[in-house]
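Student: The following file, target.cif, comprises mmCIF, N, CA and C atoms:
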```
data_coords
#
loop_
_atom_site.label_atom_id
_atom_site.label_comp_id
_atom_site.auth_asym_id
_atom_site.auth_seq_id
_atom_site.Cartn_x
_atom_site.Cartn_y
_atom_site.Cartn_z
N MET A 1 -49.59 -16.06 29.41
CA MET A 1 -49.98 -14.69 29.65
C MET A 1 -49.09 -14.13 30.76
N ALA A 2 -48.60 -12.91 30.59
CA ALA A 2 -47.73 -12.27 31.56
C ALA A 2 -48.54 -11.78 32.75
N GLU A 3 -47.95 -11.95 33.92
CA GLU A 3 -48.60 -11.44 35.12
C GLU A 3 -48.36 -9.96 35.24
N GLN A 4 -49.31 -9.25 35.82
CA GLN A 4 -49.08 -7.85 36.11
C GLN A 4 -48.41 -7.76 37.46
N ARG A 5 -47.47 -6.85 37.58
CA ARG A 5 -46.75 -6.67 38.82
C ARG A 5 -47.33 -5.46 39.54
N ARG A 6 -47.74 -5.68 40.76
CA ARG A 6 -48.28 -4.59 41.56
C ARG A 6 -47.17 -4.02 42.44
N GLU A 7 -47.29 -2.78 42.80
CA GLU A 7 -46.31 -2.14 43.67
C GLU A 7 -46.16 -2.96 44.95
N GLY A 8 -44.93 -3.22 45.31
CA GLY A 8 -44.64 -3.99 46.51
C GLY A 8 -44.45 -5.47 46.26
N ASP A 9 -44.89 -5.97 45.10
CA ASP A 9 -44.69 -7.38 44.77
C ASP A 9 -43.23 -7.61 44.42
N ASP A 10 -42.76 -8.82 44.67
CA ASP A 10 -41.41 -9.18 44.26
C ASP A 10 -41.36 -9.32 42.75
N LEU A 11 -40.26 -8.89 42.17
CA LEU A 11 -40.05 -9.05 40.74
C LEU A 11 -39.58 -10.48 40.48
N ILE A 12 -40.22 -11.14 39.53
CA ILE A 12 -39.82 -12.49 39.16
C ILE A 12 -39.45 -12.49 37.69
N LEU A 13 -38.20 -12.77 37.41
CA LEU A 13 -37.72 -12.89 36.04
C LEU A 13 -37.30 -14.33 35.82
N THR A 14 -37.74 -14.91 34.72
CA THR A 14 -37.41 -16.31 34.46
C THR A 14 -36.55 -16.49 33.21
N GLN A 15 -36.45 -15.48 32.38
CA GLN A 15 -35.67 -15.59 31.15
C GLN A 15 -34.24 -15.09 31.39
N SER A 16 -33.27 -15.89 30.99
CA SER A 16 -31.88 -15.56 31.28
C SER A 16 -31.47 -14.20 30.71
N LEU A 17 -31.94 -13.86 29.52
CA LEU A 17 -31.56 -12.58 28.93
C LEU A 17 -32.20 -11.42 29.68
N ALA A 18 -33.42 -11.61 30.17
CA ALA A 18 -34.06 -10.57 30.98
C ALA A 18 -33.32 -10.40 32.31
N ILE A 19 -32.87 -11.49 32.88
CA ILE A 19 -32.09 -11.43 34.13
C ILE A 19 -30.79 -10.68 33.88
N MET A 20 -30.15 -10.96 32.74
CA MET A 20 -28.90 -10.26 32.40
C MET A 20 -29.14 -8.76 32.25
N LEU A 21 -30.21 -8.38 31.55
CA LEU A 21 -30.51 -6.95 31.39
C LEU A 21 -30.80 -6.29 32.73
N TYR A 22 -31.54 -6.96 33.57
CA TYR A 22 -31.85 -6.43 34.89
C TYR A 22 -30.56 -6.22 35.69
N ALA A 23 -29.70 -7.22 35.68
CA ALA A 23 -28.43 -7.12 36.41
C ALA A 23 -27.58 -5.98 35.86
N ALA A 24 -27.55 -5.83 34.55
CA ALA A 24 -26.75 -4.75 33.94
C ALA A 24 -27.29 -3.38 34.34
N LYS A 25 -28.61 -3.25 34.37
CA LYS A 25 -29.22 -1.97 34.73
C LYS A 25 -28.97 -1.61 36.19
N HIS A 26 -28.72 -2.60 37.03
CA HIS A 26 -28.55 -2.36 38.46
C HIS A 26 -27.12 -2.62 38.93
N SER A 27 -26.19 -2.65 38.02
CA SER A 27 -24.79 -2.92 38.34
C SER A 27 -23.96 -1.64 38.24
N SER A 28 -22.88 -1.61 38.98
CA SER A 28 -21.95 -0.48 38.86
C SER A 28 -21.04 -0.66 37.65
N VAL A 29 -21.03 -1.86 37.09
CA VAL A 29 -20.24 -2.14 35.89
C VAL A 29 -21.09 -1.84 34.67
N ARG A 30 -20.54 -1.09 33.73
CA ARG A 30 -21.28 -0.71 32.52
C ARG A 30 -21.23 -1.85 31.51
N LEU A 31 -22.36 -2.53 31.32
CA LEU A 31 -22.43 -3.67 30.42
C LEU A 31 -23.32 -3.43 29.21
N MET A 32 -23.84 -2.22 29.08
CA MET A 32 -24.60 -1.86 27.90
C MET A 32 -24.44 -0.36 27.66
N PRO A 33 -24.39 0.05 26.40
CA PRO A 33 -24.19 1.47 26.10
C PRO A 33 -25.44 2.30 26.32
N GLY A 34 -25.23 3.58 26.48
CA GLY A 34 -26.36 4.51 26.57
C GLY A 34 -26.93 4.76 25.18
N PRO A 35 -27.93 5.64 25.08
CA PRO A 35 -28.56 5.92 23.79
C PRO A 35 -27.56 6.39 22.73
N GLY A 36 -27.82 6.01 21.49
CA GLY A 36 -26.97 6.39 20.37
C GLY A 36 -26.70 5.21 19.48
N SER A 37 -25.81 5.40 18.52
CA SER A 37 -25.54 4.35 17.54
C SER A 37 -24.91 3.13 18.17
N ASP A 38 -24.11 3.30 19.24
CA ASP A 38 -23.54 2.14 19.92
C ASP A 38 -24.65 1.28 20.51
N GLN A 39 -25.70 1.92 21.00
CA GLN A 39 -26.82 1.18 21.57
C GLN A 39 -27.57 0.43 20.47
N ASP A 40 -27.68 1.04 19.30
CA ASP A 40 -28.35 0.35 18.18
C ASP A 40 -27.59 -0.92 17.80
N THR A 41 -26.27 -0.83 17.72
CA THR A 41 -25.45 -2.00 17.42
C THR A 41 -25.57 -3.03 18.53
N PHE A 42 -25.54 -2.56 19.77
CA PHE A 42 -25.69 -3.45 20.92
C PHE A 42 -26.97 -4.28 20.79
N PHE A 43 -28.11 -3.63 20.56
CA PHE A 43 -29.37 -4.37 20.49
C PHE A 43 -29.45 -5.26 19.25
N ASP A 44 -28.89 -4.83 18.14
CA ASP A 44 -28.86 -5.67 16.95
C ASP A 44 -28.12 -6.97 17.22
N ARG A 45 -26.97 -6.87 17.85
CA ARG A 45 -26.16 -8.06 18.15
C ARG A 45 -26.80 -8.89 19.27
N TRP A 46 -27.37 -8.21 20.25
CA TRP A 46 -28.06 -8.90 21.36
C TRP A 46 -29.19 -9.76 20.79
N PHE A 47 -29.98 -9.17 19.89
CA PHE A 47 -31.09 -9.92 19.28
C PHE A 47 -30.58 -11.02 18.37
N HIS A 48 -29.45 -10.80 17.71
CA HIS A 48 -28.88 -11.86 16.88
C HIS A 48 -28.62 -13.10 17.72
N PHE A 49 -27.93 -12.94 18.82
CA PHE A 49 -27.61 -14.10 19.66
C PHE A 49 -28.84 -14.70 20.31
N SER A 50 -29.78 -13.85 20.74
CA SER A 50 -30.95 -14.39 21.42
C SER A 50 -31.90 -15.11 20.47
N THR A 51 -32.08 -14.59 19.25
CA THR A 51 -33.04 -15.21 18.34
C THR A 51 -32.42 -16.20 17.36
N GLU A 52 -31.18 -15.99 16.98
CA GLU A 52 -30.56 -16.82 15.95
C GLU A 52 -29.68 -17.95 16.50
N VAL A 53 -29.23 -17.82 17.74
CA VAL A 53 -28.38 -18.86 18.33
C VAL A 53 -29.06 -19.50 19.54
N ILE A 54 -29.41 -18.69 20.53
CA ILE A 54 -29.93 -19.24 21.78
C ILE A 54 -31.29 -19.89 21.59
N ALA A 55 -32.21 -19.23 20.91
CA ALA A 55 -33.56 -19.79 20.72
C ALA A 55 -33.54 -21.10 19.92
N PRO A 56 -32.87 -21.15 18.76
CA PRO A 56 -32.84 -22.43 18.04
C PRO A 56 -32.16 -23.54 18.85
N ASP A 57 -31.12 -23.19 19.59
CA ASP A 57 -30.42 -24.19 20.39
C ASP A 57 -31.35 -24.74 21.48
N GLY A 58 -32.09 -23.87 22.13
CA GLY A 58 -33.04 -24.32 23.15
C GLY A 58 -34.13 -25.18 22.57
N ASN A 59 -34.63 -24.80 21.41
CA ASN A 59 -35.67 -25.61 20.75
C ASN A 59 -35.12 -26.94 20.27
N ALA A 60 -33.86 -26.96 19.84
CA ALA A 60 -33.23 -28.22 19.44
C ALA A 60 -33.17 -29.18 20.62
N PHE A 61 -32.87 -28.64 21.78
CA PHE A 61 -32.83 -29.45 23.00
C PHE A 61 -34.19 -30.09 23.28
N VAL A 62 -35.25 -29.30 23.15
CA VAL A 62 -36.61 -29.80 23.38
C VAL A 62 -36.96 -30.89 22.36
N LEU A 63 -36.66 -30.64 21.10
CA LEU A 63 -36.96 -31.63 20.06
C LEU A 63 -36.17 -32.92 20.28
N ARG A 64 -34.91 -32.79 20.65
CA ARG A 64 -34.08 -33.97 20.90
C ARG A 64 -34.69 -34.80 22.04
N GLY A 65 -35.15 -34.12 23.09
CA GLY A 65 -35.78 -34.81 24.21
C GLY A 65 -37.07 -35.51 23.81
N GLY A 66 -37.74 -34.99 22.79
CA GLY A 66 -38.97 -35.60 22.29
C GLY A 66 -38.75 -36.63 21.21
N GLY A 67 -37.49 -36.89 20.89
CA GLY A 67 -37.17 -37.92 19.90
C GLY A 67 -37.12 -37.44 18.47
N ASP A 68 -37.23 -36.15 18.22
CA ASP A 68 -37.18 -35.62 16.86
C ASP A 68 -35.74 -35.23 16.53
N GLU A 69 -34.94 -36.23 16.17
CA GLU A 69 -33.52 -35.99 15.88
C GLU A 69 -33.32 -35.12 14.64
N ASN A 70 -34.15 -35.30 13.61
CA ASN A 70 -34.00 -34.50 12.39
C ASN A 70 -34.25 -33.02 12.65
N GLY A 71 -35.35 -32.73 13.34
CA GLY A 71 -35.66 -31.34 13.68
C GLY A 71 -34.61 -30.74 14.59
N SER A 72 -34.15 -31.53 15.54
CA SER A 72 -33.12 -31.07 16.46
C SER A 72 -31.83 -30.74 15.72
N GLU A 73 -31.44 -31.62 14.82
CA GLU A 73 -30.21 -31.40 14.06
C GLU A 73 -30.32 -30.16 13.18
N MET A 74 -31.48 -29.96 12.56
CA MET A 74 -31.67 -28.78 11.72
C MET A 74 -31.49 -27.50 12.54
N LEU A 75 -32.09 -27.44 13.73
CA LEU A 75 -31.98 -26.25 14.56
C LEU A 75 -30.57 -26.07 15.12
N THR A 76 -29.93 -27.16 15.47
CA THR A 76 -28.55 -27.09 15.94
C THR A 76 -27.64 -26.53 14.85
N THR A 77 -27.83 -27.00 13.63
CA THR A 77 -27.04 -26.49 12.49
C THR A 77 -27.30 -25.00 12.29
N ARG A 78 -28.56 -24.60 12.39
CA ARG A 78 -28.90 -23.18 12.22
C ARG A 78 -28.22 -22.33 13.30
N ALA A 79 -28.25 -22.79 14.54
CA ALA A 79 -27.62 -22.04 15.63
C ALA A 79 -26.11 -21.95 15.41
N LEU A 80 -25.50 -23.04 15.01
CA LEU A 80 -24.06 -23.05 14.76
C LEU A 80 -23.69 -22.11 13.61
N GLU A 81 -24.47 -22.11 12.55
CA GLU A 81 -24.21 -21.19 11.43
C GLU A 81 -24.34 -19.73 11.86
N ALA A 82 -25.31 -19.43 12.70
CA ALA A 82 -25.48 -18.05 13.19
C ALA A 82 -24.31 -17.65 14.09
N LEU A 83 -23.80 -18.58 14.85
CA LEU A 83 -22.63 -18.30 15.68
C LEU A 83 -21.41 -18.04 14.80
N ILE A 84 -21.22 -18.84 13.78
CA ILE A 84 -20.11 -18.64 12.84
C ILE A 84 -20.25 -17.29 12.14
N TYR A 85 -21.46 -16.91 11.78
CA TYR A 85 -21.72 -15.62 11.15
C TYR A 85 -21.21 -14.47 12.02
N ALA A 86 -21.26 -14.64 13.33
CA ALA A 86 -20.85 -13.58 14.27
C ALA A 86 -19.38 -13.22 14.15
N GLU A 87 -18.60 -14.01 13.45
CA GLU A 87 -17.20 -13.64 13.17
C GLU A 87 -17.16 -12.23 12.55
N ARG A 88 -18.17 -11.91 11.72
CA ARG A 88 -18.23 -10.60 11.07
C ARG A 88 -18.37 -9.44 12.06
N PHE A 89 -18.97 -9.73 13.21
CA PHE A 89 -19.16 -8.68 14.21
C PHE A 89 -17.84 -8.17 14.78
N LEU A 90 -16.80 -8.97 14.62
CA LEU A 90 -15.50 -8.64 15.18
C LEU A 90 -14.58 -7.93 14.19
N LEU A 91 -15.06 -7.71 12.99
CA LEU A 91 -14.27 -6.96 12.01
C LEU A 91 -14.19 -5.51 12.47
N GLY A 92 -13.01 -5.06 12.84
CA GLY A 92 -12.82 -3.68 13.24
C GLY A 92 -13.23 -3.35 14.66
N SER A 93 -13.61 -4.34 15.45
CA SER A 93 -13.91 -4.06 16.86
C SER A 93 -13.40 -5.20 17.73
N ARG A 94 -13.19 -4.89 18.96
CA ARG A 94 -12.61 -5.85 19.90
C ARG A 94 -13.65 -6.80 20.49
N HIS A 95 -14.88 -6.33 20.58
CA HIS A 95 -15.95 -7.11 21.20
C HIS A 95 -17.12 -7.24 20.24
N MET A 96 -18.11 -8.03 20.62
CA MET A 96 -19.23 -8.34 19.73
C MET A 96 -20.08 -7.14 19.35
N ALA A 97 -20.14 -6.14 20.22
CA ALA A 97 -20.99 -4.97 19.93
C ALA A 97 -20.18 -3.68 19.97
N GLY A 98 -18.90 -3.75 19.65
CA GLY A 98 -18.07 -2.55 19.66
C GLY A 98 -16.79 -2.77 20.43
N ASP A 99 -16.23 -1.69 20.91
CA ASP A 99 -14.93 -1.78 21.57
C ASP A 99 -15.01 -2.13 23.05
N ASN A 100 -16.21 -2.09 23.63
CA ASN A 100 -16.35 -2.37 25.05
C ASN A 100 -17.04 -3.71 25.31
N PHE A 101 -16.58 -4.40 26.31
CA PHE A 101 -17.20 -5.65 26.77
C PHE A 101 -18.63 -5.34 27.21
N SER A 102 -19.57 -6.20 26.80
CA SER A 102 -20.98 -5.94 27.12
C SER A 102 -21.74 -7.24 27.33
N LEU A 103 -23.01 -7.10 27.61
CA LEU A 103 -23.88 -8.27 27.74
C LEU A 103 -23.86 -9.13 26.48
N VAL A 104 -23.66 -8.51 25.35
CA VAL A 104 -23.61 -9.28 24.09
C VAL A 104 -22.45 -10.27 24.15
N ASP A 105 -21.32 -9.84 24.69
CA ASP A 105 -20.17 -10.75 24.81
C ASP A 105 -20.49 -11.90 25.77
N ILE A 106 -21.22 -11.61 26.83
CA ILE A 106 -21.57 -12.66 27.78
C ILE A 106 -22.48 -13.69 27.10
N ALA A 107 -23.50 -13.22 26.41
CA ALA A 107 -24.40 -14.13 25.70
C ALA A 107 -23.64 -14.90 24.62
N ALA A 108 -22.82 -14.21 23.86
CA ALA A 108 -22.06 -14.85 22.78
C ALA A 108 -21.07 -15.86 23.33
N TYR A 109 -20.44 -15.53 24.44
CA TYR A 109 -19.46 -16.46 25.02
C TYR A 109 -20.13 -17.76 25.45
N THR A 110 -21.30 -17.67 26.06
CA THR A 110 -21.97 -18.90 26.48
C THR A 110 -22.31 -19.76 25.27
N CYS A 111 -22.67 -19.11 24.16
CA CYS A 111 -22.96 -19.85 22.93
C CYS A 111 -21.69 -20.50 22.39
N ALA A 112 -20.62 -19.72 22.30
CA ALA A 112 -19.36 -20.25 21.78
C ALA A 112 -18.84 -21.37 22.67
N PHE A 113 -18.99 -21.22 23.97
CA PHE A 113 -18.57 -22.28 24.90
C PHE A 113 -19.34 -23.56 24.63
N ALA A 114 -20.64 -23.44 24.45
CA ALA A 114 -21.47 -24.62 24.21
C ALA A 114 -21.10 -25.33 22.90
N TYR A 115 -20.68 -24.56 21.90
CA TYR A 115 -20.37 -25.12 20.58
C TYR A 115 -18.87 -25.22 20.32
N ARG A 116 -18.06 -25.03 21.34
CA ARG A 116 -16.60 -24.94 21.15
C ARG A 116 -16.01 -26.15 20.43
N ASP A 117 -16.55 -27.34 20.66
CA ASP A 117 -16.01 -28.53 20.01
C ASP A 117 -16.54 -28.71 18.58
N SER A 118 -17.53 -27.94 18.20
CA SER A 118 -18.11 -28.04 16.85
C SER A 118 -17.59 -26.96 15.92
N LEU A 119 -16.86 -26.01 16.45
CA LEU A 119 -16.35 -24.90 15.64
C LEU A 119 -14.98 -25.23 15.06
N ASP A 120 -14.77 -24.88 13.81
CA ASP A 120 -13.46 -25.01 13.18
C ASP A 120 -12.73 -23.69 13.45
N TRP A 121 -12.08 -23.63 14.58
CA TRP A 121 -11.45 -22.38 15.05
C TRP A 121 -10.42 -21.85 14.06
N ARG A 122 -9.77 -22.73 13.28
CA ARG A 122 -8.77 -22.26 12.30
C ARG A 122 -9.38 -21.37 11.23
N ARG A 123 -10.66 -21.60 10.92
CA ARG A 123 -11.36 -20.79 9.92
C ARG A 123 -12.03 -19.57 10.52
N LEU A 124 -11.93 -19.42 11.83
CA LEU A 124 -12.58 -18.32 12.54
C LEU A 124 -11.57 -17.59 13.43
N PRO A 125 -10.56 -16.99 12.82
CA PRO A 125 -9.49 -16.40 13.65
C PRO A 125 -9.96 -15.27 14.55
N LEU A 126 -10.88 -14.45 14.09
CA LEU A 126 -11.37 -13.34 14.92
C LEU A 126 -12.21 -13.87 16.08
N LEU A 127 -13.09 -14.82 15.78
CA LEU A 127 -13.93 -15.42 16.81
C LEU A 127 -13.06 -16.16 17.83
N HIS A 128 -12.05 -16.85 17.33
CA HIS A 128 -11.16 -17.60 18.23
C HIS A 128 -10.38 -16.66 19.15
N ALA A 129 -9.82 -15.60 18.60
CA ALA A 129 -9.08 -14.63 19.42
C ALA A 129 -9.99 -13.99 20.46
N TRP A 130 -11.21 -13.63 20.04
CA TRP A 130 -12.18 -13.05 20.96
C TRP A 130 -12.51 -14.04 22.07
N TYR A 131 -12.78 -15.30 21.71
CA TYR A 131 -13.13 -16.34 22.67
C TYR A 131 -12.01 -16.51 23.70
N GLU A 132 -10.78 -16.59 23.22
CA GLU A 132 -9.64 -16.76 24.12
C GLU A 132 -9.48 -15.55 25.05
N MET A 133 -9.74 -14.35 24.54
CA MET A 133 -9.65 -13.15 25.36
C MET A 133 -10.75 -13.13 26.43
N VAL A 134 -11.98 -13.40 26.02
CA VAL A 134 -13.11 -13.31 26.95
C VAL A 134 -13.01 -14.38 28.04
N LYS A 135 -12.55 -15.57 27.71
CA LYS A 135 -12.52 -16.63 28.71
C LYS A 135 -11.54 -16.37 29.83
N THR A 136 -10.64 -15.40 29.67
CA THR A 136 -9.69 -15.07 30.74
C THR A 136 -10.17 -13.96 31.66
N ARG A 137 -11.29 -13.33 31.33
CA ARG A 137 -11.82 -12.25 32.19
C ARG A 137 -12.22 -12.84 33.54
N GLY A 138 -11.90 -12.12 34.59
CA GLY A 138 -12.18 -12.60 35.94
C GLY A 138 -13.64 -12.96 36.18
N GLY A 139 -14.55 -12.07 35.77
CA GLY A 139 -15.97 -12.33 35.97
C GLY A 139 -16.45 -13.53 35.17
N VAL A 140 -15.92 -13.71 33.98
CA VAL A 140 -16.30 -14.85 33.15
C VAL A 140 -15.79 -16.13 33.80
N CYS A 141 -14.55 -16.11 34.30
CA CYS A 141 -14.00 -17.28 34.98
C CYS A 141 -14.85 -17.66 36.19
N ARG A 142 -15.23 -16.67 36.98
CA ARG A 142 -16.06 -16.96 38.16
C ARG A 142 -17.43 -17.50 37.74
N GLY A 143 -18.00 -16.91 36.70
CA GLY A 143 -19.30 -17.39 36.22
C GLY A 143 -19.25 -18.80 35.69
N MET A 144 -18.18 -19.14 34.99
CA MET A 144 -18.07 -20.47 34.40
C MET A 144 -17.77 -21.53 35.45
N GLU A 145 -17.28 -21.14 36.62
CA GLU A 145 -17.04 -22.11 37.69
C GLU A 145 -18.34 -22.82 38.08
N VAL A 146 -19.46 -22.14 37.92
CA VAL A 146 -20.76 -22.74 38.25
C VAL A 146 -21.00 -23.99 37.43
N PHE A 147 -20.56 -23.98 36.15
CA PHE A 147 -20.78 -25.13 35.27
C PHE A 147 -19.91 -26.31 35.64
N SER A 148 -18.78 -26.07 36.27
CA SER A 148 -17.86 -27.17 36.58
C SER A 148 -18.07 -27.72 37.98
N SER A 149 -18.94 -27.09 38.76
CA SER A 149 -19.14 -27.60 40.13
C SER A 149 -20.38 -28.46 40.24
#
```
The structure in this file should be written as structure tokens.
Tutor:
Amino acid sequence: MAEQRREGDDLILTQSLAIMLYAAKHSSVRLMPGPGSDQDTFFDRWFHFSTEVIAPDGNAFVLRGGGDENGSEMLTTRALEALIYAERFLLGSRHMAGDNFSLVDIAAYTCAFAYRDSLDWRRLPLLHAWYEMVKTRGGVCRGMEVFSS
């Protein structure tokens, strides 16, 4: 059950995607579009990564920890297939939700990074070019340093 927040209480966010949205709303860097069709595409792609890649991957981790290798493998395969499907998002656009870098790219990059050794990059030229481009962004490089320390 969600807690109600009273005026003056500290805001506590525990979900990574909620934290990303909060940061985007309070940042000077524009990481999500304003109202309109670009916003509709943004949320469609945002939900794709959150429900079709991130959620199954997280659940696969839990199942693997509980000894359910079959269930874990099924969810891992589903997440990988959804990530591969995202190649279509790059047809005619530079980023996952259009021409501008957004939170969708951040979420998608973390997924692609996690599955980088499982992807057949030769069959995913758009995804591969996007991945190579995003991994060189200064903010992405700084963010990924956390994983290597």
Student: Any chance you could work out the residue set of the PyMOL selection byres ((chain A and resi 76) around 8) here, as a PyMOL selection string?
Tutor: chain A and resi 56-61+70-75+77-82
Student: Expanded to explicit residues, what is the PyMOL selection byres ((chain A and resi 42) around 7) for this file, as a ChimeraX atom specification?
Tutor: /A:33,37-41,43-47,96-98,104
Student: Write out, as JSON lines, each residue of range 74-93 of chain A that has an atom at most 8 Å from range 112-130 of chain A, together with the closest pair of atoms and their distance in Å to one decimal, counting only N, CA and C atoms, rows going by chain and rising number.
Tutor:
```
{"residue": "A:Leu80", "atom": "CA", "partner": "A:Tyr115", "partner_atom": "CA", "distance": 7.2}
{"residue": "A:Leu83", "atom": "CA", "partner": "A:Ala112", "partner_atom": "N", "distance": 7.1}
{"residue": "A:Ile84", "atom": "CA", "partner": "A:Leu124", "partner_atom": "CA", "distance": 7.5}
{"residue": "A:Ala86", "atom": "C", "partner": "A:Leu127", "partner_atom": "CA", "distance": 6.5}
{"residue": "A:Glu87", "atom": "CA", "partner": "A:Leu127", "partner_atom": "N", "distance": 5.0}
{"residue": "A:Arg88", "atom": "N", "partner": "A:Leu127", "partner_atom": "N", "distance": 7.1}
{"residue": "A:Leu90", "atom": "CA", "partner": "A:Leu126", "partner_atom": "C", "distance": 6.2}
{"residue": "A:Leu91", "atom": "N", "partner": "A:Leu126", "partner_atom": "CA", "distance": 7.0}
```
Student: What separation in Å, quoted to one decimal, exists between CA of Glu52 in chain A and CA of Tyr85 in chain A?
Tutor: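 A separation of 10.1 Å between them.
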Student: What is the distance between atom N of Lys135 in chain A and atom C of Leu21 in chain A, in Å to one decimal?
Tutor: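 Computing the Euclidean distance for atom N of Lys135 in chain A and atom C of Leu21 in chain A yields 21.1 Å.
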